[in-house]
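This is my_file_13.txt. It holds compact mmCIF, C-alpha atoms.
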```txt
# COMPACT_ATOMS: atom_id res chain seq x y z
CA ASN K 1447 0.00 0.00 0.00
CA ASN K 1448 2.80 2.35 0.86
CA ASN K 1449 4.45 1.67 -2.50
CA ASN K 1450 1.18 2.34 -4.29
CA ASN K 1451 0.77 5.60 -2.39
CA ASN K 1452 4.34 6.66 -3.19
CA ASN K 1453 3.85 5.88 -6.88
CA LYS K 1454 0.62 7.83 -6.85
CA ASN K 1455 2.33 10.82 -5.18
CA ASP K 1456 5.22 10.73 -7.67
CA SER K 1457 2.73 10.57 -10.53
CA THR K 1458 0.80 13.53 -9.09
CA SER K 1459 4.00 15.57 -8.57
CA SER K 1460 5.17 14.79 -12.10
CA SER K 1461 1.89 15.85 -13.64
CA THR K 1462 1.86 19.02 -11.52
CA MET K 1463 5.38 19.99 -12.66
CA THR K 1464 4.45 19.31 -16.27
CA SER K 1465 1.41 21.52 -15.89
CA LEU K 1466 3.44 24.34 -14.30
CA GLU K 1467 6.08 24.18 -17.04
CA ALA K 1468 3.36 24.38 -19.68
CA GLU K 1469 1.84 27.42 -17.98
CA THR K 1470 5.17 29.20 -17.44
CA PRO K 1471 5.85 31.65 -20.27
CA LYS K 1472 8.98 30.94 -22.23
CA ASP K 1473 9.84 34.65 -22.39
CA ASP K 1474 10.35 36.07 -18.91
CA SER K 1475 9.55 39.74 -19.49
CA THR K 1476 10.95 40.77 -16.10
CA TRP K 1477 14.33 39.25 -16.89
CA GLN K 1478 14.27 40.72 -20.39
CA ASN K 1479 13.64 44.15 -18.90
CA MET K 1480 16.58 43.62 -16.57
CA LEU K 1481 18.81 42.79 -19.52
CA ALA K 1482 17.53 45.85 -21.35
CA LEU K 1483 18.33 48.07 -18.36
CA THR K 1484 21.81 46.54 -18.13
CA LYS K 1485 22.43 47.33 -21.79
CA VAL K 1486 21.35 50.94 -21.27
CA LEU K 1487 23.67 51.33 -18.27
CA VAL K 1488 26.55 49.81 -20.23
CA ALA K 1489 25.84 52.12 -23.16
CA TYR K 1490 25.94 55.14 -20.85
CA GLY K 1491 29.19 54.17 -19.16
CA CYS K 1492 27.60 53.40 -15.79
CA LEU K 1493 28.62 49.75 -16.01
CA THR K 1494 31.60 48.16 -17.71
CA MET K 1495 31.82 44.51 -18.70
CA ASP K 1496 34.78 42.91 -16.95
CA ASN K 1497 35.70 40.94 -20.07
CA ASN K 1498 35.78 44.18 -22.13
CA ASN K 1499 33.81 42.43 -24.83
CA LEU K 1500 31.89 44.92 -26.96
CA LEU K 1501 28.70 43.27 -28.16
CA ASP K 1502 26.27 43.98 -30.95
CA TYR K 1503 23.14 45.28 -29.25
CA ASP K 1504 20.94 44.19 -32.13
CA ASP K 1505 21.94 40.54 -31.77
CA ASP K 1506 19.65 38.79 -29.27
CA ASP K 1507 22.02 35.81 -29.23
CA HIS K 1508 24.39 37.92 -27.12
CA ASN K 1509 21.90 38.00 -24.25
CA GLU K 1510 23.52 34.83 -22.92
CA GLN K 1511 26.86 36.64 -22.77
CA TYR K 1512 25.26 39.46 -20.79
CA GLU K 1513 23.73 36.92 -18.44
CA SER K 1514 27.05 35.19 -17.83
CA SER K 1515 29.18 38.36 -17.63
CA THR K 1516 30.21 40.27 -14.55
CA PHE K 1517 30.13 44.06 -14.42
CA THR K 1518 31.94 46.85 -12.61
CA VAL K 1519 30.14 49.98 -11.47
CA THR K 1520 31.90 53.11 -12.73
CA GLU K 1521 32.01 56.57 -11.15
CA ALA K 1522 29.06 57.60 -13.29
CA GLY K 1523 27.24 54.47 -12.19
CA THR K 1524 27.88 55.29 -8.54
CA SER K 1525 26.42 58.76 -9.03
CA ASN K 1526 23.45 57.29 -10.89
CA GLY K 1527 22.75 54.90 -8.03
CA MET K 1528 22.86 57.63 -5.39
CA ILE K 1529 20.17 59.92 -6.80
CA GLY K 1530 16.60 58.94 -6.11
CA PHE K 1531 14.60 60.18 -9.07
CA ASP K 1532 12.06 58.34 -11.23
CA ASN K 1533 14.63 58.17 -14.03
CA SER K 1534 17.96 58.83 -12.37
CA LEU K 1535 19.94 58.12 -15.55
CA TRP K 1536 18.05 60.81 -17.43
CA CYS K 1537 18.64 63.32 -14.63
CA LEU K 1538 22.36 62.49 -14.62
CA ALA K 1539 22.54 62.74 -18.42
CA ALA K 1540 20.66 66.06 -18.30
CA MET K 1541 23.45 67.33 -16.05
CA GLY K 1542 26.15 66.10 -18.44
CA GLY K 1543 27.24 63.34 -16.06
CA ALA K 1544 26.65 60.44 -18.48
CA TRP K 1545 26.35 59.96 -22.22
CA ASP K 1546 26.22 57.28 -24.88
CA VAL K 1547 29.77 55.88 -24.90
CA MET K 1548 28.88 52.88 -27.09
CA ASN K 1549 27.38 54.92 -29.93
CA ALA K 1550 24.18 52.95 -29.50
CA SER K 1551 22.20 56.00 -30.65
CA CYS K 1552 24.01 56.23 -34.00
CA LYS K 1553 20.69 56.08 -35.87
CA ILE K 1554 19.94 59.58 -34.59
CA ASP K 1555 23.16 60.93 -36.09
CA GLU K 1556 22.38 59.22 -39.39
CA PHE K 1557 18.93 60.79 -39.41
CA ARG K 1558 20.29 64.25 -38.57
CA SER K 1559 22.93 63.96 -41.27
CA MET K 1560 20.29 62.98 -43.80
CA MET K 1561 18.11 65.94 -42.76
CA ASP K 1562 21.05 68.33 -43.02
CA SER K 1563 21.84 67.15 -46.52
CA THR K 1564 18.18 67.26 -47.58
CA PHE K 1565 17.40 70.64 -46.03
CA PRO K 1566 20.68 72.58 -45.85
CA ASP K 1567 20.71 75.83 -43.89
CA ASN K 1568 20.81 79.01 -45.94
CA ASP K 1569 23.33 81.11 -44.07
CA ASP K 1570 22.56 84.14 -46.26
CA ASP K 1571 19.03 84.53 -44.88
CA ASP K 1572 18.33 86.71 -41.86
CA ASP K 1573 21.97 86.90 -40.77
CA ASP K 1574 21.35 90.26 -39.15
CA GLU K 1575 18.59 88.81 -36.98
CA LYS K 1576 20.65 85.99 -35.48
CA ASP K 1577 21.68 86.83 -31.92
CA ASP K 1578 24.26 85.06 -29.76
CA TYR K 1579 21.62 82.65 -28.49
CA SER K 1580 20.68 81.52 -32.00
CA GLN K 1581 24.31 81.14 -32.99
CA THR K 1582 24.86 78.90 -29.98
CA LEU K 1583 22.01 76.61 -30.97
CA LEU K 1584 23.11 76.48 -34.60
CA SER K 1585 26.60 75.26 -33.68
CA SER K 1586 25.50 71.66 -33.25
CA PRO K 1587 28.18 69.07 -32.48
CA SER K 1588 26.59 66.76 -35.04
CA SER K 1589 28.06 68.87 -37.82
CA SER K 1590 31.60 68.68 -36.45
CA SER K 1591 34.33 66.67 -38.16
CA SER K 1592 36.14 66.03 -34.84
CA SER K 1593 37.21 62.51 -33.95
CA VAL K 1594 35.52 62.89 -30.57
CA PRO K 1595 32.22 60.95 -30.47
CA ILE K 1596 29.19 63.16 -31.06
CA PRO K 1597 27.39 62.13 -27.84
CA GLN K 1598 30.44 63.18 -25.83
CA MET K 1599 30.62 66.54 -27.63
CA GLU K 1600 26.93 67.10 -26.93
CA ALA K 1601 27.49 66.31 -23.24
CA GLU K 1602 30.46 68.66 -23.06
CA SER K 1603 28.43 71.43 -24.70
CA LEU K 1604 25.66 70.79 -22.18
CA ILE K 1605 28.11 71.00 -19.28
CA GLU K 1606 29.51 74.30 -20.55
CA SER K 1607 26.02 75.76 -20.91
CA LEU K 1608 25.13 74.64 -17.37
CA ARG K 1609 28.32 76.15 -15.96
CA ASP K 1610 27.16 79.49 -17.37
CA LEU K 1611 24.01 79.41 -15.24
CA THR K 1612 23.61 81.36 -12.03
CA PRO K 1613 22.56 79.42 -8.90
CA ALA K 1614 18.98 80.68 -9.35
CA GLU K 1615 18.94 79.63 -13.00
CA MET K 1616 20.31 76.21 -12.04
CA ALA K 1617 17.47 75.83 -9.53
CA GLY K 1618 14.93 76.52 -12.27
CA TYR K 1619 16.64 74.12 -14.68
CA VAL K 1620 16.79 71.27 -12.15
CA SER K 1621 13.11 71.76 -11.30
CA CYS K 1622 12.30 70.81 -14.91
CA LEU K 1623 13.81 67.37 -14.32
CA VAL K 1624 11.76 66.45 -11.25
CA SER K 1625 8.44 68.29 -11.63
CA ASP K 1626 5.25 66.44 -12.44
CA PRO K 1627 3.47 67.19 -15.74
CA ALA K 1628 1.15 70.18 -15.48
CA ARG K 1629 -2.51 69.33 -14.97
CA GLY K 1630 -5.05 70.87 -17.30
CA GLY K 1631 -2.40 72.22 -19.65
CA GLY K 1632 -1.47 75.04 -17.32
CA GLY K 1633 1.96 75.72 -16.01
CA GLY K 1634 3.27 76.43 -12.56
CA GLY K 1635 4.89 79.59 -13.85
CA GLY K 1636 1.71 81.03 -15.32
CA ALA K 1637 2.39 79.78 -18.86
CA ASN K 1638 -0.35 78.22 -20.98
CA SER K 1639 1.87 76.13 -23.28
CA ILE K 1640 5.36 74.72 -23.54
CA VAL K 1641 6.24 77.52 -25.97
CA ASP K 1642 5.20 80.15 -23.43
CA SER K 1643 7.18 78.32 -20.75
CA PHE K 1644 10.28 78.27 -22.95
CA HIS K 1645 10.08 81.99 -23.68
CA GLN K 1646 9.80 82.72 -19.96
CA LEU K 1647 13.22 81.14 -19.39
CA THR K 1648 16.38 83.22 -19.32
CA LYS K 1649 18.60 83.08 -22.39
CA SER K 1650 21.14 80.93 -20.55
CA GLN K 1651 18.42 78.50 -19.50
CA GLN K 1652 17.11 78.31 -23.05
CA VAL K 1653 20.54 77.34 -24.34
CA ALA K 1654 20.92 74.67 -21.64
CA VAL K 1655 17.45 73.29 -22.39
CA GLN K 1656 18.26 73.08 -26.09
CA HIS K 1657 21.40 71.05 -25.38
CA ALA K 1658 19.54 68.85 -22.89
CA LEU K 1659 16.89 68.00 -25.49
CA SER K 1660 19.59 66.37 -27.62
CA SER K 1661 20.60 64.24 -24.64
CA MET K 1662 16.97 63.31 -24.01
CA GLU K 1663 16.51 62.28 -27.64
CA ARG K 1664 19.46 59.90 -27.40
CA LEU K 1665 18.35 58.30 -24.15
CA LEU K 1666 14.81 57.78 -25.40
CA GLU K 1667 16.19 56.20 -28.58
CA ILE K 1668 18.40 53.81 -26.61
CA GLN K 1669 15.68 52.92 -24.10
CA THR K 1670 13.25 52.16 -26.91
CA ARG K 1671 15.85 50.17 -28.79
CA PHE K 1672 16.70 47.91 -25.87
CA SER K 1673 13.31 47.61 -24.15
CA SER K 1674 11.27 44.49 -24.77
CA SER K 1675 8.19 46.73 -24.81
CA SER K 1676 7.73 50.45 -25.31
CA SER K 1677 5.60 50.50 -22.16
CA HIS K 1678 8.65 49.50 -20.09
CA ALA K 1679 10.79 52.45 -21.24
CA ILE K 1680 11.19 54.88 -18.36
CA LYS K 1681 9.89 58.36 -19.13
CA CYS K 1682 12.19 61.37 -19.22
CA ASN K 1683 10.49 64.26 -17.43
CA PHE K 1684 11.33 67.72 -18.69
CA GLU K 1685 8.59 70.10 -17.53
CA LEU K 1686 9.49 73.69 -18.33
CA ASN K 1687 6.39 75.17 -16.70
CA THR K 1688 7.87 75.34 -13.18
CA ALA K 1689 11.26 76.80 -14.13
CA ARG K 1690 10.24 80.46 -13.94
CA VAL K 1691 8.68 80.43 -10.47
CA VAL K 1692 11.52 78.29 -9.06
CA THR K 1693 14.11 80.60 -10.61
CA GLU K 1694 12.42 83.68 -9.13
CA TRP K 1695 12.09 82.03 -5.73
CA ALA K 1696 15.81 81.20 -5.74
CA SER K 1697 16.47 84.81 -6.82
CA GLY K 1698 14.80 86.07 -3.63
CA CYS K 1699 11.19 86.86 -4.52
CA THR K 1700 8.62 86.84 -1.72
CA TRP K 1701 6.07 84.12 -1.15
CA ASN K 1702 3.21 86.35 -2.33
CA GLU K 1703 5.14 87.26 -5.48
CA ALA K 1704 5.72 83.58 -6.20
CA LEU K 1705 2.00 82.84 -5.81
CA GLU K 1706 1.03 85.75 -8.08
CA MET K 1707 3.45 84.43 -10.69
CA THR K 1708 1.38 81.25 -11.07
CA ASN K 1709 -1.75 83.24 -12.06
CA GLY K 1710 -3.86 81.22 -9.66
CA GLN K 1711 -2.98 77.91 -11.38
CA LEU K 1712 -1.33 76.53 -8.24
CA ALA K 1713 -2.60 76.26 -4.70
CA PRO K 1714 -0.10 77.25 -1.97
CA GLY K 1715 0.40 73.59 -1.09
CA ASP K 1716 1.19 72.70 -4.70
CA LEU K 1717 3.74 75.50 -4.91
CA VAL K 1718 5.40 74.32 -1.71
CA ARG K 1719 5.61 70.83 -3.18
CA ILE K 1720 7.22 72.10 -6.41
CA LEU K 1721 9.79 74.18 -4.55
CA SER K 1722 10.51 71.37 -2.09
CA ARG K 1723 11.09 68.83 -4.87
CA ALA K 1724 13.46 71.22 -6.63
CA LEU K 1725 15.34 71.82 -3.37
CA ASP K 1726 15.56 68.08 -2.71
CA ALA K 1727 16.91 67.47 -6.22
CA LEU K 1728 19.54 70.18 -5.82
CA ARG K 1729 20.52 68.71 -2.48
CA GLN K 1730 20.88 65.23 -3.99
CA PHE K 1731 23.10 66.54 -6.78
CA GLY K 1732 25.09 68.55 -4.26
CA ASN K 1733 25.60 65.50 -2.04
CA LEU K 1734 27.07 63.32 -4.79
CA PRO K 1735 30.66 62.21 -4.14
CA PHE K 1736 33.14 65.00 -4.70
CA ARG K 1737 35.20 64.41 -7.83
CA VAL K 1738 38.40 66.37 -8.09
CA MET K 1739 39.36 67.96 -11.39
CA ARG K 1740 41.74 65.76 -13.30
CA LYS K 1741 44.14 66.36 -16.11
CA GLU K 1742 41.75 64.78 -18.62
CA ASP K 1743 39.07 67.28 -17.59
CA LEU K 1744 41.28 70.04 -18.99
CA GLU K 1745 41.99 68.23 -22.26
CA VAL K 1746 40.02 69.07 -25.38
CA GLY K 1747 39.42 66.88 -28.41
CA VAL K 1748 40.02 63.49 -26.78
CA THR K 1749 37.61 60.63 -26.14
CA LYS K 1750 36.60 60.34 -22.49
CA MET K 1751 34.45 58.20 -20.23
CA PRO K 1752 31.73 59.86 -18.15
CA LEU K 1753 32.78 60.44 -14.55
CA GLY K 1754 29.55 61.66 -13.02
CA LEU K 1755 28.60 65.20 -12.08
CA HIS K 1756 31.15 67.89 -12.92
CA PRO K 1757 32.63 69.49 -9.76
CA ASP K 1758 31.55 72.98 -10.85
CA LEU K 1759 27.96 71.81 -11.32
CA ARG K 1760 27.99 70.06 -7.96
CA ARG K 1761 29.09 73.30 -6.32
CA LEU K 1762 26.52 75.27 -8.31
CA CYS K 1763 23.75 72.95 -7.10
CA ARG K 1764 24.87 73.51 -3.53
CA ASP K 1765 24.73 77.26 -4.01
CA ALA K 1766 21.31 76.98 -5.63
CA ALA K 1767 20.02 74.91 -2.72
CA GLY K 1768 21.22 77.60 -0.35
CA CYS K 1769 19.31 80.24 -2.32
CA MET K 1770 16.07 78.24 -2.08
CA ASP K 1771 16.47 77.19 1.53
CA ARG K 1772 14.02 79.54 3.27
CA TYR K 1773 10.54 79.33 4.72
CA PRO K 1774 8.22 77.65 3.77
CA VAL K 1775 10.67 75.23 2.11
CA LYS K 1776 13.36 75.41 4.75
CA ASP K 1777 15.63 72.36 4.77
CA PRO K 1778 17.17 71.63 8.18
CA LEU K 1779 19.92 69.35 6.81
CA PRO K 1780 23.19 71.24 6.18
CA PHE K 1781 25.74 70.25 3.58
CA GLU K 1782 28.97 68.74 4.78
CA GLU K 1783 31.99 70.99 4.85
CA GLU K 1784 34.06 70.74 1.68
CA GLU K 1785 37.02 72.99 2.34
CA GLU K 1786 39.41 70.02 2.20
CA GLU K 1787 37.83 68.89 -1.06
CA GLU K 1788 38.35 72.30 -2.67
CA GLU K 1789 42.00 72.36 -1.57
CA GLU K 1790 42.49 68.86 -3.02
CA GLU K 1791 40.94 69.96 -6.31
CA GLU K 1792 43.25 73.00 -6.52
CA GLU K 1793 46.29 70.79 -5.88
CA VAL K 1794 45.27 68.38 -8.66
CA ILE K 1795 44.74 71.23 -11.16
CA ILE K 1796 48.10 72.78 -10.26
CA ALA K 1797 49.82 69.40 -10.62
CA ALA K 1798 48.21 68.88 -14.03
CA GLU K 1799 49.31 72.32 -15.21
CA GLU K 1800 52.89 71.70 -14.01
CA GLU K 1801 52.90 68.33 -15.80
CA ASP K 1802 51.82 70.03 -19.01
CA LYS K 1803 54.65 72.56 -18.65
CA ASP K 1804 57.17 69.75 -18.12
CA ASP K 1805 55.90 68.02 -21.28
CA VAL K 1806 56.38 71.21 -23.27
CA VAL K 1807 59.89 71.77 -21.92
CA GLY K 1808 60.78 68.12 -22.56
```
In structure tokens, write the structure found in this file.
Amino acid sequence: NNNNNNNKNDSTSSSTMTSLEAETPKDDSTWQNMLALTKVLVAYGCLTMDNNNLLDYDDDDHNEQYESSTFTVTEAGTSNGMIGFDNSLWCLAAMGGAWDVMNASCKIDEFRSMMDSTFPDNDDDDDDEKDDYSQTLLSSPSSSSSSVPIPQMEAESLIESLRDLTPAEMAGYVSCLVSDPARGGGGGGGANSIVDSFHQLTKSQQVAVQHALSSMERLLEIQTRFSSSSSHAIKCNFELNTARVVTEWASGCTWNEALEMTNGQLAPGDLVRILSRALDALRQFGNLPFRVMRKEDLEVGVTKMPLGLHPDLRRLCRDAAGCMDRYPVKDPLPFEEEEEEEEEEEEVIIAAEEEDKDDVVG
């Protein structure tokens, strides 16, 4: 009897396992999404494959190599893991701290090149009406013949435009990365459309936004390319409607002036939430690990790997947080002292300059 019972149990277990295997989907979407995320992080220099094997992203057969490979987290990857935003990679890329190092977004460059050849710019038209802002936007890295990868040049242009911002302008720019989409089409800054919101920005902010849009286009292209489903691609928030009121608040406007600026589109609680989220984002950027300036940071025209947030932008975010840190969005958490970090950075820059002089003399 016991043998009969055991045989019956084995038969039941076997049929149950067969049934479960038949019901289990062959394509595990969760694991596929994990592989897709890994590919995006590798493409953006946040992870490096320890075997240094560059794979063809379009070949699904290489998924097994990704599954069996080990990875090392880079400096950019460390920064990406320390910021707690809905799409931390986009926020880091929008600050110039990461870019497409694998040229996985090459289709964008091919499309832009085709458009340029099909619809060439007529430099003879309206030359007198082009101001410095327009000239900045027209000097796109995609038209450069440099050997430096285009995504890197775009990131470097973005960094330079961000370094030109004041602390108040940086506060407004960062708020675009973490603000929720406007409800009802209205904007937190009193604008009725994205065009109105853009024109309410300062000229320096407009230039930075234009450069950031190129970075967004690349990340969206890569996410879509690697994702098993378009619904799994993480959105890249870039809401311009809050930039004006956040910029003015960081510039020192009163609470009543900030409320009037929204034209009644925001309740006081909503405005506090917008300002608080911008302050929190600035604080997170400002609390990223301090990275001293290196010799390669001073070099121009060479291929580089992303190293996370630029030291000048980290300091600018700290200053911007200080400008916003007043009632009713007072933040009780102070930044850590960084006097030793600044001295270390100065020593590294001096050492790099002396090394360059020695090379010239040699």
* Asked: Which value, in Å to one decimal, gives the distance between atom CA of Asp1546 of chain K and atom CA of Pro1597 of chain K?
  -> 5.8 Å
* Fewer than 2 positions away in the same chain doesn't count, so skip those; otherwise give me all residues within 9 Å of Ala1766 of chain K, counting all atoms listed in the file, as a PyMOL selection string. => chain K and resi 1612-1617+1696+1725+1728-1729+1761-1764+1768-1771
* To do: Between K:Asn1709, K:Gln1598, K:Asn1526, K:Gln1511, single out the one closest to Met1751 of chain K, counting all atoms listed in the file.
  => K:Gln1598
* To do: Pick out the residues sitting within 9 Å of segment 1682-1685 of chain K, and hand them over as a PyMOL selection string; count all atoms listed in the file, and ignore anything fewer than 2 positions along from it in its own chain.
  => chain K and resi 1532-1533+1536-1537+1621-1628+1633+1640+1643+1659+1662+1665-1666+1680+1687-1689
* What would the list of residues within 10 Å of (24.7, 48.6, -21.1) (file frame) look like as a PyMOL selection string, if only C-alpha atoms are what count? -> chain K and resi 1481-1495+1500-1501+1503+1512+1517+1546-1548+1550+1668+1672
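Of note, atom CA of Val1653 of chain K and atom CA of Ala1540 of chain K are spaced 12.8 Å apart.
With atom CA of Trp1695 of chain K on one side and atom CA of Arg1737 of chain K on the other, the separation reads 29.1 Å.
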In the coordinates of the file, take the point (30.5, 55.8, -7.4) and a cut-off of 12 Å; then, counting all atoms listed in the file, name each qualifying protein, DNA or RNA residue as a JSON list (two decimals) with C-alpha atoms, in the coordinates of the input.
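Result went into point37.json, see below:
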```
[["chain", "number", "residue", "atom", "x", "y", "z"],
["K", 1491, "GLY", "CA", 29.19, 54.17, -19.16],
["K", 1492, "CYS", "CA", 27.60, 53.40, -15.79],
["K", 1493, "LEU", "CA", 28.62, 49.75, -16.01],
["K", 1518, "THR", "CA", 31.94, 46.85, -12.61],
["K", 1519, "VAL", "CA", 30.14, 49.98, -11.47],
["K", 1520, "THR", "CA", 31.90, 53.11, -12.73],
["K", 1521, "GLU", "CA", 32.01, 56.57, -11.15],
["K", 1522, "ALA", "CA", 29.06, 57.60, -13.29],
["K", 1523, "GLY", "CA", 27.24, 54.47, -12.19],
["K", 1524, "THR", "CA", 27.88, 55.29, -8.54],
["K", 1525, "SER", "CA", 26.42, 58.76, -9.03],
["K", 1526, "ASN", "CA", 23.45, 57.29, -10.89],
["K", 1527, "GLY", "CA", 22.75, 54.90, -8.03],
["K", 1528, "MET", "CA", 22.86, 57.63, -5.39],
["K", 1529, "ILE", "CA", 20.17, 59.92, -6.80],
["K", 1543, "GLY", "CA", 27.24, 63.34, -16.06],
["K", 1734, "LEU", "CA", 27.07, 63.32, -4.79],
["K", 1735, "PRO", "CA", 30.66, 62.21, -4.14],
["K", 1736, "PHE", "CA", 33.14, 65.00, -4.70],
["K", 1737, "ARG", "CA", 35.20, 64.41, -7.83],
["K", 1752, "PRO", "CA", 31.73, 59.86, -18.15],
["K", 1753, "LEU", "CA", 32.78, 60.44, -14.55],
["K", 1754, "GLY", "CA", 29.55, 61.66, -13.02],
["K", 1755, "LEU", "CA", 28.60, 65.20, -12.08]]
```
Which centre and which edge lengths, in Å to one decimal, describe the axis-aligned box that holds all listed atoms of segment 1476-1487 of chain K after 5 Å is added on each side, as lines of an AutoDock Vina configuration file?
```
center_x = 17.3
center_y = 45.3
center_z = -18.9
size_x = 22.7
size_y = 22.1
size_z = 15.7
```
